[in-house]
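Undergrad: Below is one structure. I have some questions about it.
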Amino acid sequence: MRKYVLAITALALATTAALADVIADRKAVMKDNAKQVGVLVSMVKGETQFDAAAVLAALTTLNDNVQKIDVAASFPKGSDQGDTTASPKIWTDAAGFQAQVDKFKSVTATAAAAPAQDLDALKAQVGTIGQTCAACHEAFRVKKG
Amino acid sequence: MAILRKLAIAALALGGAGASVFWWLTEPERLGPETLASLGAGDAVRGQRIFDAGGCASCHARPKAEGDARLQLVGGVELKTPFGTFVAPNISSDPTDGIGAWSLEDFANAMLKGVSRDGQHLYPAFPYPSYARMRPGDVADLYAFMKTLPPVAGRAPDHSLNFPYNIRRGLGLWKLLNLRAEPVVAFADGTPEKVLRGRLLVEGAGHCGECHTPRALDGGPKRSQWLAGAVAAEGTGIVPNITPGGNGIRSWSESDIAGYLETGFTPEFDSVGGTMVEVQKNMARLAAEDREAIAAYLKAIPAEPNGYPPAKAAAN
């Protein structure tokens, strides 16, 4: 009996730890996405000079990150618990969430394939990317205290 | 027996007096002649700015409407709150289903006094406690702009509220406690014009306090915790503290705030989320100087600790 309890406890702890890893991993990806987007937004705001090579590099890294997103692996059931702002809607509206991820993949692929060559084009590209971020964060992220 | 009868009559009289007092206290109050005279003619071009600042389309257009559909104010968006479900009505220029038959005076009474054309209290889910702080001239401009928008037929369902909130007359008492035309934050003489313009936008048309200020039990805003952040009225999350205190946007500069309202990106390049997505789209339509005025005001208001409870400790 005691072994049984220990086994269950160990399993539960392992699951919690695994979920914590998943959460930490997806936060790291989001952080890196923000970093790449930051390169672009700084140019749009005029805080840094337009630099076509830097735009290409940022869009390429962003797109690489995004193409790797695997909803089943990164958003297993139960990973709305813990240190995360993932909304339960990710699981109650799985199709809607997947649609947002697919949209994100197509937006970054298009942008990386034809990176902006001037500031006006970059503004449009950043606008499209920003709307994609916001559309998903509108429905599938919960702000916490 | 005589005594019993006398007591019964006295009780009835007292009850009657109580009812009369309730009736008298809760009488819907309309604008006085002075305010009505200050409305002016209204200018549709200026009114578009107020329309965007107020984000009227976010609740009164169809959900997710884009482009021209954003200007079809047919209503129907639901706001699910602890008091029940509120449904935004048709405010298009349709004369029967919308407000096309309303005079400027009718419209101003709704915006500034929360009283409908037929003299009933409106529920403050329509954020007139904020609009009451608008300048009458801005209300007239908004009216002129909304007259240019298309009529759309169709009525949204009624609100579905729990007792006792379903008794409209009771709102008269709520207004006595919560409806004020004066600004929330009083500034000293010599405060920059920019801050004061920001105050008009934030406290008035923009109605930021409706979500960013915690509410008391009666649903009225806690003015002592103005813009301190709150538990979200819908769903499970929080609405951030936007004063210079707590852990909201304390470290943001004025240009960070104005930039966020324009682009939807925080200084850390995170994106806008939740119900703020709609608001930010509206803010992006304003002139840069309006966003800068909002930012100046937010940096000038009193710092408050967070108006929501701290998050529960993480699971592990």
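Scheme for the structure tokens: letters A, B, ... for chains in order shown; per-chain residue numbers from 1; ligand numbers from 1 in order shown.
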With 12 Å as the limit and counting only C-alpha atoms, what residues in chain B lie close to chain A? Please list them as a compact mmCIF listing (two decimals) with C-alpha atoms, in the first residue's frame.
TA:
# COMPACT_ATOMS: atom_id res chain seq x y z
CA LYS B 64 -15.49 41.29 -34.69
CA ALA B 228 -5.54 50.88 -9.72
CA GLY B 229 -6.49 47.75 -11.66
CA ALA B 230 -9.32 45.34 -10.90
CA VAL B 231 -10.58 41.82 -11.11
CA ALA B 232 -12.05 41.49 -14.62
CA GLU B 234 -15.93 38.99 -17.24
CA GLY B 235 -13.88 35.81 -17.03
CA THR B 236 -11.17 35.03 -14.51
CA GLY B 237 -8.29 37.43 -15.14
CA ILE B 238 -7.36 40.88 -13.94
CA VAL B 239 -7.27 44.30 -15.54
CA PRO B 240 -3.89 45.96 -14.89
CA ASN B 241 -3.06 48.86 -12.63
CA GLY B 246 1.80 48.82 -7.98
CA ASN B 247 3.17 46.47 -10.61
CA GLY B 248 1.34 47.85 -13.61
CA SER B 255 6.23 57.62 -24.97
CA ASP B 256 6.01 53.94 -23.93
CA ALA B 258 1.55 56.43 -26.25
CA GLY B 259 3.49 53.86 -28.32
CA TYR B 260 1.55 50.98 -26.78
CA GLU B 262 -0.58 53.20 -31.16
CA THR B 263 1.12 49.86 -31.95
CA GLY B 264 -0.23 47.40 -29.38
CA PHE B 265 3.30 46.52 -28.22
CA THR B 266 4.49 46.97 -24.63
CA PRO B 267 8.00 48.29 -23.94
CA GLU B 268 9.06 44.62 -23.62
CA PHE B 269 7.47 43.95 -27.04
CA ASP B 270 4.75 41.78 -25.60
CA SER B 271 1.45 42.34 -27.42
CA VAL B 272 -1.84 43.74 -26.24
CA GLY B 273 -4.33 41.05 -25.18
CA GLY B 274 -7.82 40.40 -23.84
CA THR B 275 -10.47 43.07 -24.10
CA MET B 276 -7.74 45.71 -24.45
CA VAL B 277 -7.21 44.51 -28.05
CA GLU B 278 -10.41 46.25 -29.16
CA VAL B 279 -9.59 49.33 -27.10
CA GLN B 280 -6.10 49.62 -28.56
CA LYS B 281 -7.47 49.44 -32.11
CA ALA B 284 -4.69 53.76 -32.74
CA PRO B 305 -1.30 49.86 -4.96
CA ASN B 306 -2.91 47.17 -7.09
CA GLY B 307 -6.71 47.16 -6.90
CA TYR B 308 -6.86 43.37 -7.27
CA PRO B 309 -5.73 40.59 -4.92
CA PRO B 310 -2.26 39.06 -5.51
CA ALA B 311 -2.13 35.95 -7.65
CA LYS B 312 -2.34 32.64 -5.87
CA ALA B 313 1.09 31.09 -5.45
CA ALA B 314 2.08 28.93 -8.39
CA ALA B 315 1.21 25.26 -8.04
CA ASN B 316 4.75 24.21 -7.24
Undergrad: Give me the residues within 10 Å of Asp51 (chain A) as a PyMOL selection string, counting only C-alpha atoms and dropping any in the same chain fewer than 2 places off.
TA: chain A and resi 39-40+43+48-49+53-56+116-119
Undergrad: Would you save the residues of that selection, restricted to N, CA and C atoms, as a PDB file, in the first residue's frame?
TA:
ATOM      1  N   VAL A  39      13.150  44.102 -32.401  1.00  0.00           N
ATOM      2  CA  VAL A  39      14.078  44.648 -33.397  1.00  0.00           C
ATOM      3  C   VAL A  39      13.286  45.444 -34.431  1.00  0.00           C
ATOM      4  N   LEU A  40      12.157  44.870 -34.864  1.00  0.00           N
ATOM      5  CA  LEU A  40      11.344  45.497 -35.906  1.00  0.00           C
ATOM      6  C   LEU A  40      10.604  46.731 -35.388  1.00  0.00           C
ATOM      7  N   MET A  43      12.624  49.907 -34.988  1.00  0.00           N
ATOM      8  CA  MET A  43      12.839  50.609 -36.260  1.00  0.00           C
ATOM      9  C   MET A  43      11.604  51.410 -36.647  1.00  0.00           C
ATOM     10  N   THR A  48      15.640  53.008 -33.705  1.00  0.00           N
ATOM     11  CA  THR A  48      16.845  52.512 -34.385  1.00  0.00           C
ATOM     12  C   THR A  48      16.676  52.745 -35.881  1.00  0.00           C
ATOM     13  N   GLN A  49      17.807  52.728 -36.586  1.00  0.00           N
ATOM     14  CA  GLN A  49      17.815  52.931 -38.034  1.00  0.00           C
ATOM     15  C   GLN A  49      17.254  51.700 -38.741  1.00  0.00           C
ATOM     16  N   ALA A  53      19.225  43.973 -43.310  1.00  0.00           N
ATOM     17  CA  ALA A  53      19.831  42.708 -42.874  1.00  0.00           C
ATOM     18  C   ALA A  53      19.279  42.294 -41.510  1.00  0.00           C
ATOM     19  N   ALA A  54      19.131  43.283 -40.614  1.00  0.00           N
ATOM     20  CA  ALA A  54      18.599  42.983 -39.281  1.00  0.00           C
ATOM     21  C   ALA A  54      17.137  42.562 -39.365  1.00  0.00           C
ATOM     22  N   VAL A  55      16.392  43.165 -40.300  1.00  0.00           N
ATOM     23  CA  VAL A  55      14.984  42.783 -40.497  1.00  0.00           C
ATOM     24  C   VAL A  55      14.910  41.326 -40.945  1.00  0.00           C
ATOM     25  N   LEU A  56      15.752  40.987 -41.913  1.00  0.00           N
ATOM     26  CA  LEU A  56      15.766  39.600 -42.414  1.00  0.00           C
ATOM     27  C   LEU A  56      16.099  38.621 -41.289  1.00  0.00           C
ATOM     28  N   ALA A 116      10.696  43.176 -45.460  1.00  0.00           N
ATOM     29  CA  ALA A 116      10.561  44.575 -45.873  1.00  0.00           C
ATOM     30  C   ALA A 116      11.912  45.138 -46.305  1.00  0.00           C
ATOM     31  N   GLN A 117      11.879  45.911 -47.393  1.00  0.00           N
ATOM     32  CA  GLN A 117      13.105  46.534 -47.890  1.00  0.00           C
ATOM     33  C   GLN A 117      13.160  48.021 -47.548  1.00  0.00           C
ATOM     34  N   ASP A 118      12.068  48.559 -47.023  1.00  0.00           N
ATOM     35  CA  ASP A 118      12.099  49.963 -46.571  1.00  0.00           C
ATOM     36  C   ASP A 118      11.164  50.114 -45.363  1.00  0.00           C
ATOM     37  N   LEU A 119      11.228  51.310 -44.765  1.00  0.00           N
ATOM     38  CA  LEU A 119      10.513  51.521 -43.507  1.00  0.00           C
ATOM     39  C   LEU A 119       9.000  51.401 -43.667  1.00  0.00           C
TER      40      LEU A 119
END
Undergrad: Figure out the distance between CA of Thr60 (chain A) and CA of Asp21 (chain A), please, to one decimal in Å.
TA: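 If I compute the distance from CA of Asp21 (chain A) to CA of Thr60 (chain A), I get 25.6 Å.
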Undergrad: So which one's closest to Ala18 (chain A), A:Leu59, A:Val107, A:Ala112, A:Ala73? Using only C-alpha atoms, please.
TA: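 Comparing A:Leu59, A:Val107, A:Ala112, A:Ala73 against Ala18 (chain A), the winner is A:Ala73.
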Undergrad: Considering only helix (DSSP H, G or I) as DSSP defines it on the backbone, what residues of region 17-199 of chain B qualify? List them as JSON, numbers by chain.
TA: {"B": [17, 18, 19, 20, 21, 22, 23, 24, 25, 33, 34, 35, 36, 37, 44, 45, 46, 47, 48, 49, 50, 51, 52, 53, 54, 56, 57, 58, 59, 60, 67, 68, 69, 70, 71, 104, 105, 106, 107, 108, 109, 110, 111, 112, 113, 128, 129, 130, 131, 136, 137, 138, 139, 140, 141, 142, 143, 144, 145, 146, 147, 168, 169, 170, 171, 172, 173, 174, 175, 176, 177, 178, 193, 194, 195, 196, 197, 198, 199]}
Undergrad: As a JSON list (two decimals) with C-alpha atoms, in the first residue's frame, please: the residues near Thr110 (chain A) (cut-off 12 Å, only C-alpha atoms, same-chain neighbours under 3 positions excluded).
TA:
[["chain", "number", "residue", "atom", "x", "y", "z"],
["A", 59, "LEU", "CA", 11.96, 37.67, -39.32],
["A", 60, "THR", "CA", 13.89, 34.47, -40.03],
["A", 62, "LEU", "CA", 10.77, 34.55, -35.57],
["A", 63, "ASN", "CA", 9.53, 32.32, -38.36],
["A", 67, "GLN", "CA", 7.03, 26.94, -37.43],
["A", 103, "LYS", "CA", -2.53, 31.90, -39.00],
["A", 104, "PHE", "CA", 0.60, 32.89, -37.09],
["A", 105, "LYS", "CA", 2.64, 30.33, -39.06],
["A", 106, "SER", "CA", 1.40, 31.62, -42.39],
["A", 107, "VAL", "CA", 1.94, 35.29, -41.43],
["A", 113, "ALA", "CA", 9.95, 35.03, -47.47],
["A", 114, "ALA", "CA", 9.62, 38.68, -48.46],
["A", 115, "PRO", "CA", 11.21, 40.81, -45.75],
["A", 116, "ALA", "CA", 10.56, 44.58, -45.87],
["A", 125, "GLN", "CA", 4.63, 44.01, -41.91],
["A", 128, "THR", "CA", 0.16, 42.46, -39.65],
["A", 129, "ILE", "CA", 2.35, 40.57, -37.19]]
Undergrad: For Ala288 (chain B), which residue out of B:Leu261, B:Tyr165, B:Arg133, B:Leu122 is the nearest one, using only C-alpha atoms?
TA: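 Closest residue, counting only C-alpha atoms: B:Leu261.
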Undergrad: Would you compute the distance between CA of Ala53 (chain B) and CA of Ala186 (chain B)? Give it in Å to one decimal.
TA: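 That distance, rounded to one decimal, is 21.6 Å.
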Undergrad: Extract, using only C-alpha atoms, all DNA, RNA and protein residues at most 12 Å from Glu182 (chain B), discarding same-chain residues fewer than 6 positions from it, and format them as a list in words.
TA: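 Close residues of Glu182 (chain B): Leu112, Pro129, Ser130, Tyr131, Ala132, Arg133, Met134, Arg135, Arg199, Leu200, Glu203 and Gly204 of chain B.
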Undergrad: Can you measure CA of Ala216 (chain B) to CA of Asn162 (chain B) for me? One decimal in Å is fine.
TA: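 Computing it gives 17.6 Å between the two atoms.
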Undergrad: Give me, as a list of chain:residue names, all polymer residues having an atom no more than 12 Å from Ala94 (chain A), counting only C-alpha atoms and skipping those fewer than 2 positions away in the same chain.
TA: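 Listing them by chain and then by number gives A:Val71, A:Ala72, A:Phe75, A:Pro76, A:Lys77, A:Ser87, A:Pro88, A:Lys89, A:Ile90, A:Trp91, A:Thr92, A:Gly96, A:Phe97, A:Gln98, A:Ala99, A:Gln100, A:Val101, A:Ala139, A:Phe140.
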Undergrad: May I have the residues from that selection written out with C-alpha atoms, as a JSON list (two decimals), in the first residue's frame?
TA:
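What ended up in selection14.json:
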[["chain", "number", "residue", "atom", "x", "y", "z"],
["A", 71, "VAL", "CA", 0.09, 22.62, -29.93],
["A", 72, "ALA", "CA", -0.20, 19.03, -28.67],
["A", 75, "PHE", "CA", -0.06, 22.84, -24.59],
["A", 76, "PRO", "CA", -0.86, 19.50, -22.93],
["A", 77, "LYS", "CA", -4.01, 19.33, -20.81],
["A", 87, "SER", "CA", -6.36, 30.63, -20.91],
["A", 88, "PRO", "CA", -8.50, 27.51, -20.32],
["A", 89, "LYS", "CA", -10.09, 28.43, -23.67],
["A", 90, "ILE", "CA", -7.06, 26.86, -25.37],
["A", 91, "TRP", "CA", -8.56, 23.50, -24.43],
["A", 92, "THR", "CA", -12.26, 24.32, -24.58],
["A", 96, "GLY", "CA", -10.05, 28.05, -32.57],
["A", 97, "PHE", "CA", -6.63, 28.01, -30.93],
["A", 98, "GLN", "CA", -5.15, 25.81, -33.66],
["A", 99, "ALA", "CA", -6.56, 28.21, -36.26],
["A", 100, "GLN", "CA", -4.73, 31.10, -34.56],
["A", 101, "VAL", "CA", -1.48, 29.13, -34.50],
["A", 139, "ALA", "CA", -9.03, 35.15, -26.73],
["A", 140, "PHE", "CA", -6.43, 32.72, -25.40]]
Undergrad: Looking at B:Arg291, B:Leu217, B:Glu27, B:Pro150, which one is nearest to Asp68 (chain B), with distances taken over only C-alpha atoms?
TA: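 Between B:Arg291, B:Leu217, B:Glu27, B:Pro150, the residue approaching Asp68 (chain B) most closely is B:Pro150.
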